[in-house]
$ cat query38.cif   # mmCIF, C-alpha atoms
data_model
#
loop_
_atom_site.label_atom_id
_atom_site.label_comp_id
_atom_site.auth_asym_id
_atom_site.auth_seq_id
_atom_site.Cartn_x
_atom_site.Cartn_y
_atom_site.Cartn_z
CA MET C 18 -54.57 17.39 -73.93
CA LYS C 19 -52.43 20.26 -75.11
CA LYS C 20 -51.01 23.26 -73.27
CA GLY C 21 -53.90 25.56 -74.29
CA ASP C 22 -56.50 23.15 -72.88
CA ILE C 23 -54.91 23.18 -69.43
CA ILE C 24 -54.53 26.98 -69.43
CA LEU C 25 -58.20 27.33 -70.43
CA ILE C 26 -59.40 24.96 -67.69
CA VAL C 27 -57.32 26.66 -64.99
CA CYS C 28 -58.45 30.15 -66.07
CA ILE C 29 -62.14 29.15 -66.02
CA ILE C 30 -61.88 27.49 -62.59
CA ILE C 31 -60.13 30.55 -61.10
CA THR C 32 -62.56 33.11 -62.57
CA SER C 33 -65.67 31.17 -61.63
CA LEU C 34 -64.55 30.37 -58.07
CA ALA C 35 -63.46 34.00 -57.55
CA SER C 36 -66.79 35.35 -58.76
CA ILE C 37 -68.75 32.85 -56.64
CA TYR C 38 -66.76 34.02 -53.61
CA LEU C 39 -67.34 37.70 -54.41
CA LEU C 40 -71.09 37.14 -54.92
CA ASN C 41 -71.42 35.43 -51.53
CA PHE C 42 -69.33 38.09 -49.83
CA ASN C 43 -71.68 40.87 -50.90
CA ASN C 44 -74.43 40.28 -48.33
CA SER C 45 -74.52 43.42 -46.20
CA THR C 46 -78.14 44.60 -46.23
CA HIS C 47 -80.40 43.97 -43.27
CA LYS C 48 -83.85 43.92 -44.80
CA LYS C 49 -84.50 41.56 -47.65
CA TYR C 50 -87.56 41.15 -49.77
CA ILE C 51 -88.44 39.03 -52.76
CA GLU C 52 -89.87 40.23 -55.99
CA VAL C 53 -91.89 37.91 -58.20
CA VAL C 54 -91.75 39.17 -61.76
CA VAL C 55 -93.88 37.75 -64.59
CA GLU C 56 -93.17 38.87 -68.15
CA GLY C 57 -91.24 41.91 -66.95
CA LYS C 58 -93.96 43.15 -64.59
CA ILE C 59 -93.76 42.96 -60.81
CA TYR C 60 -96.37 40.49 -59.57
CA LYS C 61 -95.71 40.53 -55.84
CA LYS C 62 -93.28 41.81 -53.21
CA VAL C 63 -92.84 40.00 -49.87
CA PHE C 64 -90.41 40.70 -47.02
CA ILE C 65 -88.63 37.54 -45.94
CA ASN C 66 -86.57 38.65 -42.91
CA ASP C 67 -88.80 37.01 -40.32
CA LEU C 68 -87.54 33.44 -39.99
CA ASP C 69 -90.92 32.18 -38.70
CA TYR C 70 -92.85 33.66 -41.56
CA GLU C 71 -94.25 31.09 -43.96
CA GLN C 72 -96.28 31.63 -47.08
CA LYS C 73 -97.11 29.78 -50.25
CA ILE C 74 -97.86 31.90 -53.29
CA ARG C 75 -99.49 30.38 -56.31
CA ILE C 76 -98.73 32.32 -59.46
CA ASN C 77 -100.83 31.73 -62.51
CA THR C 78 -99.11 32.82 -65.70
CA LYS C 79 -100.34 32.53 -69.26
CA GLU C 80 -98.28 29.38 -69.73
CA GLY C 81 -99.03 27.66 -66.42
CA TYR C 82 -98.59 27.95 -62.67
CA ASN C 83 -95.72 28.10 -60.20
CA LEU C 84 -95.94 27.57 -56.46
CA VAL C 85 -93.48 29.74 -54.51
CA HIS C 86 -92.79 28.72 -50.92
CA ILE C 87 -91.33 31.20 -48.43
CA HIS C 88 -90.03 29.67 -45.19
CA ASP C 89 -87.17 30.16 -42.72
CA GLY C 90 -86.04 33.30 -44.54
CA LYS C 91 -85.58 31.34 -47.75
CA VAL C 92 -87.49 31.11 -50.99
CA GLU C 93 -87.97 28.24 -53.36
CA ILE C 94 -90.31 27.14 -56.09
CA ILE C 95 -91.77 23.82 -54.98
CA GLU C 96 -94.20 23.12 -57.78
CA ALA C 97 -94.68 24.09 -61.40
CA ASP C 98 -96.21 22.68 -64.53
CA CYS C 99 -93.47 23.85 -66.87
CA LYS C 100 -91.72 21.32 -69.06
CA ASP C 101 -88.13 21.42 -67.84
CA LYS C 102 -88.82 21.88 -64.07
CA ILE C 103 -85.52 23.72 -63.74
CA CYS C 104 -87.13 26.21 -61.36
CA VAL C 105 -88.19 23.38 -59.04
CA LYS C 106 -84.76 21.76 -59.15
CA THR C 107 -83.02 25.05 -58.34
CA ALA C 108 -81.99 25.11 -54.68
CA SER C 109 -83.69 27.54 -52.29
CA ILE C 110 -82.22 31.05 -52.19
CA ASP C 111 -81.65 33.36 -49.22
CA ARG C 112 -79.06 35.92 -50.30
CA LYS C 113 -79.51 39.32 -51.90
CA GLY C 114 -79.09 39.18 -55.67
CA GLN C 115 -79.94 35.51 -56.02
CA ILE C 116 -82.59 34.57 -58.53
CA ILE C 117 -84.76 31.58 -59.44
CA ALA C 118 -86.04 31.68 -62.98
CA CYS C 119 -88.72 29.66 -64.72
CA LEU C 120 -87.89 30.42 -68.32
CA PRO C 121 -90.85 28.64 -70.01
CA HIS C 122 -93.24 30.77 -67.91
CA LYS C 123 -91.19 33.98 -68.28
CA LEU C 124 -91.13 34.26 -64.52
CA TYR C 125 -88.43 34.88 -61.95
CA VAL C 126 -88.14 35.33 -58.20
CA LYS C 127 -85.38 37.60 -57.02
CA ILE C 128 -84.11 38.66 -53.61
CA LEU C 129 -83.51 42.37 -53.16
CA GLY C 130 -82.21 44.27 -50.18
CA VAL C 131 -83.15 47.55 -48.55
CA GLU C 132 -80.33 49.59 -47.04
CA ASP C 133 -80.94 50.83 -43.50
CA GLU C 134 -81.19 54.56 -44.22
CA VAL C 135 -83.58 54.02 -47.13
CA ASP C 136 -85.56 51.77 -44.84
CA ASN C 137 -86.17 54.50 -42.25
CA THR C 138 -87.45 57.10 -44.65
CA SER C 139 -89.53 55.27 -47.19
CA TYR C 140 -90.89 52.23 -45.40
CA MET I 25 -66.39 12.55 -100.28
CA LYS I 26 -69.00 12.02 -102.97
CA ASN I 27 -72.17 14.05 -102.73
CA THR I 28 -74.61 11.19 -102.09
CA LYS I 29 -72.30 9.63 -99.58
CA LYS I 30 -71.95 12.96 -97.82
CA ILE I 31 -75.73 13.45 -97.58
CA VAL I 32 -76.15 9.95 -96.15
CA PHE I 33 -73.34 10.57 -93.69
CA MET I 34 -74.87 13.88 -92.61
CA SER I 35 -78.31 12.37 -92.12
CA LEU I 36 -76.76 9.59 -90.07
CA LEU I 37 -75.12 12.21 -87.89
CA ILE I 38 -78.46 14.02 -87.46
CA ALA I 39 -80.19 10.77 -86.50
CA GLN I 40 -77.44 9.95 -84.01
CA SER I 41 -77.55 13.37 -82.40
CA LEU I 42 -81.35 13.16 -82.09
CA VAL I 43 -81.08 9.76 -80.42
CA LEU I 44 -78.46 11.10 -78.01
CA TYR I 45 -80.69 14.11 -77.32
CA ILE I 46 -83.69 11.93 -76.49
CA VAL I 47 -81.70 9.36 -74.50
CA GLU I 48 -80.18 12.15 -72.44
CA SER I 49 -83.58 13.54 -71.51
CA TYR I 50 -84.42 10.19 -69.89
CA MET I 51 -81.13 9.93 -67.99
CA PRO I 52 -80.74 11.20 -64.43
CA ASN I 53 -78.86 14.46 -64.59
CA PRO I 54 -76.01 14.84 -62.09
CA MET I 55 -75.06 18.31 -63.33
CA THR I 56 -78.04 20.05 -61.68
CA ALA I 57 -76.15 19.76 -58.39
CA ILE I 58 -73.68 22.37 -59.66
CA ALA I 59 -75.99 24.72 -61.54
CA PRO I 60 -79.69 24.78 -62.43
CA GLY I 61 -80.29 23.70 -66.00
CA ALA I 62 -76.78 22.41 -66.58
CA LYS I 63 -76.56 19.18 -68.52
CA LEU I 64 -74.09 16.97 -70.31
CA GLY I 65 -75.21 17.86 -73.83
CA LEU I 66 -74.47 14.48 -75.38
CA SER I 67 -75.66 15.58 -78.81
CA ASN I 68 -72.80 18.07 -78.89
CA ILE I 69 -70.53 15.09 -79.50
CA ILE I 70 -71.99 15.00 -83.00
CA THR I 71 -71.59 18.75 -83.45
CA VAL I 72 -67.89 18.63 -82.56
CA ILE I 73 -67.27 15.55 -84.71
CA SER I 74 -68.96 16.97 -87.79
CA LEU I 75 -67.21 20.31 -87.29
CA ASN I 76 -63.94 18.42 -87.26
CA LEU I 77 -64.70 16.10 -90.19
CA LEU I 78 -67.04 18.10 -92.45
CA GLY I 79 -66.47 21.75 -91.63
CA PHE I 80 -68.57 24.72 -90.55
CA LYS I 81 -71.17 24.90 -93.34
CA ASP I 82 -72.34 21.29 -93.10
CA THR I 83 -72.28 21.40 -89.31
CA ILE I 84 -74.64 24.37 -89.13
CA ILE I 85 -77.11 22.41 -91.29
CA ILE I 86 -76.81 19.37 -89.01
CA LEU I 87 -77.15 21.53 -85.91
CA GLY I 88 -80.16 23.42 -87.29
CA ILE I 89 -82.09 20.28 -88.20
CA ARG I 90 -81.19 18.63 -84.91
CA ILE I 91 -82.42 21.64 -82.89
CA LEU I 92 -85.66 21.91 -84.90
CA MET I 93 -86.48 18.21 -84.66
CA GLY I 94 -85.25 17.92 -81.07
CA SER I 95 -87.62 20.63 -79.88
CA MET I 96 -90.42 18.96 -81.84
CA PHE I 97 -89.90 15.74 -79.87
CA SER I 98 -89.47 17.42 -76.51
CA GLY I 99 -89.27 20.96 -75.27
CA GLY I 100 -91.30 23.30 -77.42
CA VAL I 101 -90.87 26.89 -78.53
CA SER I 102 -88.97 28.27 -75.55
CA SER I 103 -86.37 25.52 -75.56
CA LEU I 104 -85.99 26.05 -79.31
CA LEU I 105 -84.92 29.67 -78.72
CA TYR I 106 -82.38 28.70 -76.06
CA SER I 107 -80.99 25.88 -78.16
CA ILE I 108 -80.55 28.13 -81.18
CA SER I 109 -78.82 30.95 -79.31
CA GLY I 110 -76.56 28.60 -77.36
CA GLY I 111 -75.90 26.23 -80.24
CA VAL I 112 -75.04 28.84 -82.85
CA LEU I 113 -72.81 30.87 -80.54
CA SER I 114 -70.93 27.79 -79.38
CA LEU I 115 -70.57 26.55 -82.96
CA VAL I 116 -69.06 29.87 -84.11
CA ILE I 117 -66.62 29.89 -81.19
CA MET I 118 -65.67 26.23 -81.64
CA ASN I 119 -65.05 26.85 -85.33
CA ALA I 120 -62.78 29.79 -84.48
CA VAL I 121 -60.87 27.79 -81.84
CA LEU I 122 -60.52 24.83 -84.19
CA ARG I 123 -59.21 26.98 -87.06
CA ILE I 124 -57.07 29.54 -85.24
CA GLY I 125 -55.89 27.60 -82.22
CA LYS I 126 -55.25 24.26 -83.84
CA ASP I 127 -51.69 24.09 -82.49
CA ASN I 128 -52.61 25.01 -78.94
CA PHE I 129 -55.97 23.34 -78.40
CA SER I 130 -56.99 19.72 -78.74
CA LEU I 131 -60.61 18.66 -79.26
CA ILE I 132 -61.06 18.81 -75.48
CA GLY I 133 -60.23 22.53 -75.45
CA VAL I 134 -62.49 23.09 -78.46
CA SER I 135 -65.39 21.36 -76.75
CA ILE I 136 -64.84 23.13 -73.41
CA SER I 137 -64.87 26.54 -75.13
CA GLY I 138 -67.98 25.49 -77.02
CA SER I 139 -69.63 24.43 -73.78
CA ILE I 140 -68.75 27.77 -72.13
CA PHE I 141 -70.26 29.78 -74.95
CA HIS I 142 -73.29 27.51 -75.14
CA ASN I 143 -74.04 28.57 -71.57
CA ILE I 144 -73.37 32.22 -72.32
CA GLY I 145 -75.62 32.14 -75.39
CA GLN I 146 -78.44 30.54 -73.43
CA LEU I 147 -78.11 33.08 -70.61
CA ILE I 148 -78.23 35.94 -73.14
CA MET I 149 -81.46 34.52 -74.58
CA ALA I 150 -82.86 33.90 -71.08
CA SER I 151 -82.12 37.46 -69.98
CA ILE I 152 -83.86 38.77 -73.12
CA ILE I 153 -86.93 36.63 -72.45
CA ILE I 154 -87.37 37.45 -68.76
CA GLN I 155 -86.12 41.03 -69.41
CA ASN I 156 -83.59 40.97 -66.62
CA SER I 157 -79.86 40.41 -66.76
CA ASP I 158 -79.63 39.24 -63.13
CA ILE I 159 -79.86 35.68 -64.38
CA PHE I 160 -76.14 36.01 -65.20
CA ILE I 161 -75.57 35.35 -61.47
CA TYR I 162 -75.62 31.68 -62.50
CA LEU I 163 -72.81 32.16 -65.01
CA PRO I 164 -69.96 31.23 -62.60
CA PHE I 165 -71.76 28.01 -61.65
CA LEU I 166 -72.49 27.21 -65.29
CA LEU I 167 -68.86 27.92 -66.21
CA LEU I 168 -67.76 25.52 -63.50
CA SER I 169 -70.14 22.87 -64.81
CA SER I 170 -68.96 23.40 -68.39
CA ILE I 171 -65.51 22.05 -67.56
CA PRO I 172 -66.49 18.43 -66.74
CA THR I 173 -69.15 18.37 -69.48
CA GLY I 174 -66.86 19.89 -72.10
CA PHE I 175 -64.03 17.59 -71.03
CA PHE I 176 -66.21 14.51 -71.35
CA ILE I 177 -67.60 15.54 -74.74
CA GLY I 178 -64.11 16.38 -75.99
CA LEU I 179 -62.73 13.06 -74.84
CA ALA I 180 -65.57 11.16 -76.51
CA CYS I 181 -64.95 13.11 -79.73
CA LYS I 182 -61.23 12.40 -79.61
CA PHE I 183 -61.80 8.64 -79.43
CA LEU I 184 -64.56 8.77 -82.05
CA THR I 185 -62.62 10.81 -84.62
CA GLU I 186 -59.73 8.36 -84.42
CA LYS I 187 -62.13 5.56 -85.35
CA MET I 188 -64.13 7.56 -87.89
CA ASN I 189 -61.32 9.01 -90.00
CA PHE I 190 -61.82 6.42 -92.75
CA TYR I 191 -65.16 8.02 -93.61
CA THR I 192 -63.49 11.17 -94.85
CA LEU I 193 -60.72 9.34 -96.68
CA ASN I 194 -62.99 7.40 -99.01
#

$ encode --input "query38.cif" --output "structure tokens"
Amino acid sequence: MKKGDIILIVCIIITSLASIYLLNFNNSTHKKYIEVVVEGKIYKKVFINDLDYEQKIRINTKEGYNLVHIHDGKVEIIEADCKDKICVKTASIDRKGQIIACLPHKLYVKILGVEDEVDNTSY
Amino acid sequence: MKNTKKIVFMSLLIAQSLVLYIVESYMPNPMTAIAPGAKLGLSNIITVISLNLLGFKDTIIILGIRILMGSMFSGGVSSLLYSISGGVLSLVIMNAVLRIGKDNFSLIGVSISGSIFHNIGQLIMASIIIQNSDIFIYLPFLLLSSIPTGFFIGLACKFLTEKMNFYTLN
């Protein structure tokens, strides 16, 4: 271990912890919805604010299928036939801006938020 | 090193990195607790060693063949793209750190910086494929995971290069 190694490690830990904190802090919107996007096109939009709401969405892509489970205001992918299963291993998400991606299927699920004033006029 | 000896040595390195690649895919992966898709990257031990012993040109050959054959055995086309983008970017950065920062960085620092840019390269390719840059939200978690992985790989390389130096001397 040399001096540069330690400086590098400390810098990376500080920047990553700071950005994780900032990402979690930014959670101000009231209405949240998820967007399922397959190959760049929006496949489905679902509001997830209601904690009792539960739905399983099966998405068939060209490469295979993914099973998205919405429950308790959270979203996760519980089943897929992709090779790496990274999307299934990813923990469930419930904050605006978070994303679960299944790269082999070119699919991702993302949480978006609607600000209150936009909400009143357009929804 | 003589030419024939060098070719044999390089093919041994390729075989070793492929074995490490396959063995790793059967091992339980503790890194997924920190970030989705994070892994130890055992075959990068070979990349760092050959970069240190043989230099950039030979290493890119070893890396290219390893990625091609590795995705033939497991993975497929999509993992090939991620491996290429991550592997090449991390190799270029590691080469730069090894050449320029030789006085300030040990092999551990080289391997940590390689691990960081491996993640960045893979995220760039992922954001191109799903056409959305929001996937970079995982970058802080991947950066955090790249410290233990890079540290472990660097440590393994440090011990190995001490034992392997006689190869280059002959």

$ residues_around --input "query38.cif" --residues "region 94-104 of chain C" --least-positions-apart "3" --cutoff "8 Å" --atoms "all atoms listed in the file" --output "PyMOL selection string"
(chain C and resi 80-86+107+109+117-119+121-122) or (chain I and resi 60-61+99)

$ interface_residues --input "query38.cif" --of "chain C" --to "chain I" --cutoff "10 Å" --atoms "all atoms listed in the file" --output "MDAnalysis selection string"
chainID C and resid 18:27 29:38 40 54:58 99:108 114:125 127

$ closest_residue --input "query38.cif" --among "C:Ile110, C:Cys28, C:Val126, C:Ile87" --to "Tyr60 (chain C)" --atoms "only C-alpha atoms"
C:Val126

$ atom_distance --input "query38.cif" --atom1 "CA of Asn143 (chain I)" --atom2 "CA of Lys61 (chain C)"
29.3 Å

$ resolve_selection --input "query38.cif" --expression "the PyMOL selection byres ((chain I and resi 39-48) around 10)" --output "ChimeraX atom specification"
/I:33-38,49-53,63-71,86-87,89-91,93-95,97-98

$ atom_distance --input "query38.cif" --atom1 "CA of Leu77 (chain I)" --atom2 "CA of Met188 (chain I)"
8.9 Å

$ resolve_selection --input "query38.cif" --expression "the PyMOL selection byres ((chain I and resi 111-120) around 8)" --output "JSON, numbers by chain"
{"I": [71, 72, 75, 80, 84, 87, 107, 108, 109, 110, 121, 122, 123, 124, 125, 134, 135, 137, 138, 139, 140, 141, 142, 145]}

$ residues_around --input "query38.cif" --residues "Tyr50 (chain C)" --least-positions-apart "2" --cutoff "7 Å" --atoms "only C-alpha atoms" --output "list in words"
Lys48, Glu52, Lys62, Val63, Phe64, Ile65, Ile128, Leu129 and Gly130 of chain C

$ atom_distance --input "query38.cif" --atom1 "CA of Lys26 (chain I)" --atom2 "CA of Ile73 (chain I)"
18.7 Å

$ decode --input "query38.cif" --residues "region 167-184 of chain I" --atoms "N, CA and C atoms" --output "compact mmCIF listing (two decimals), in the first residue's frame"
# COMPACT_ATOMS: atom_id res chain seq x y z
N LEU I 167 -19.32 1.87 -7.06
CA LEU I 167 -18.03 2.42 -6.65
C LEU I 167 -17.64 1.88 -5.28
N LEU I 168 -18.64 1.84 -4.39
CA LEU I 168 -18.38 1.32 -3.05
C LEU I 168 -17.95 -0.14 -3.12
N SER I 169 -18.61 -0.91 -4.00
CA SER I 169 -18.27 -2.33 -4.10
C SER I 169 -16.91 -2.52 -4.77
N SER I 170 -16.47 -1.54 -5.58
CA SER I 170 -15.22 -1.72 -6.30
C SER I 170 -14.01 -1.60 -5.37
N ILE I 171 -14.21 -1.06 -4.17
CA ILE I 171 -13.06 -0.96 -3.26
C ILE I 171 -12.66 -2.32 -2.69
N PRO I 172 -13.58 -3.08 -2.06
CA PRO I 172 -13.15 -4.42 -1.60
C PRO I 172 -12.72 -5.34 -2.74
N THR I 173 -13.44 -5.31 -3.87
CA THR I 173 -13.05 -6.21 -4.97
C THR I 173 -11.68 -5.82 -5.51
N GLY I 174 -11.50 -4.51 -5.77
CA GLY I 174 -10.21 -4.06 -6.31
C GLY I 174 -9.08 -4.32 -5.34
N PHE I 175 -9.36 -4.16 -4.05
CA PHE I 175 -8.34 -4.39 -3.03
C PHE I 175 -7.93 -5.86 -3.02
N PHE I 176 -8.93 -6.73 -3.08
CA PHE I 176 -8.63 -8.17 -3.06
C PHE I 176 -7.83 -8.58 -4.30
N ILE I 177 -8.27 -8.11 -5.47
CA ILE I 177 -7.57 -8.45 -6.71
C ILE I 177 -6.14 -7.93 -6.67
N GLY I 178 -5.99 -6.69 -6.19
CA GLY I 178 -4.66 -6.09 -6.13
C GLY I 178 -3.74 -6.85 -5.20
N LEU I 179 -4.29 -7.28 -4.07
CA LEU I 179 -3.49 -8.02 -3.10
C LEU I 179 -3.05 -9.36 -3.69
N ALA I 180 -4.00 -10.05 -4.35
CA ALA I 180 -3.66 -11.32 -4.98
C ALA I 180 -2.57 -11.12 -6.02
N CYS I 181 -2.66 -10.04 -6.80
CA CYS I 181 -1.67 -9.76 -7.84
C CYS I 181 -0.31 -9.48 -7.22
N LYS I 182 -0.31 -8.76 -6.11
CA LYS I 182 0.95 -8.40 -5.47
C LYS I 182 1.70 -9.68 -5.06
N PHE I 183 0.97 -10.61 -4.42
CA PHE I 183 1.61 -11.85 -3.99
C PHE I 183 2.05 -12.67 -5.19
N LEU I 184 1.20 -12.69 -6.24
CA LEU I 184 1.51 -13.52 -7.40
C LEU I 184 2.71 -12.99 -8.17
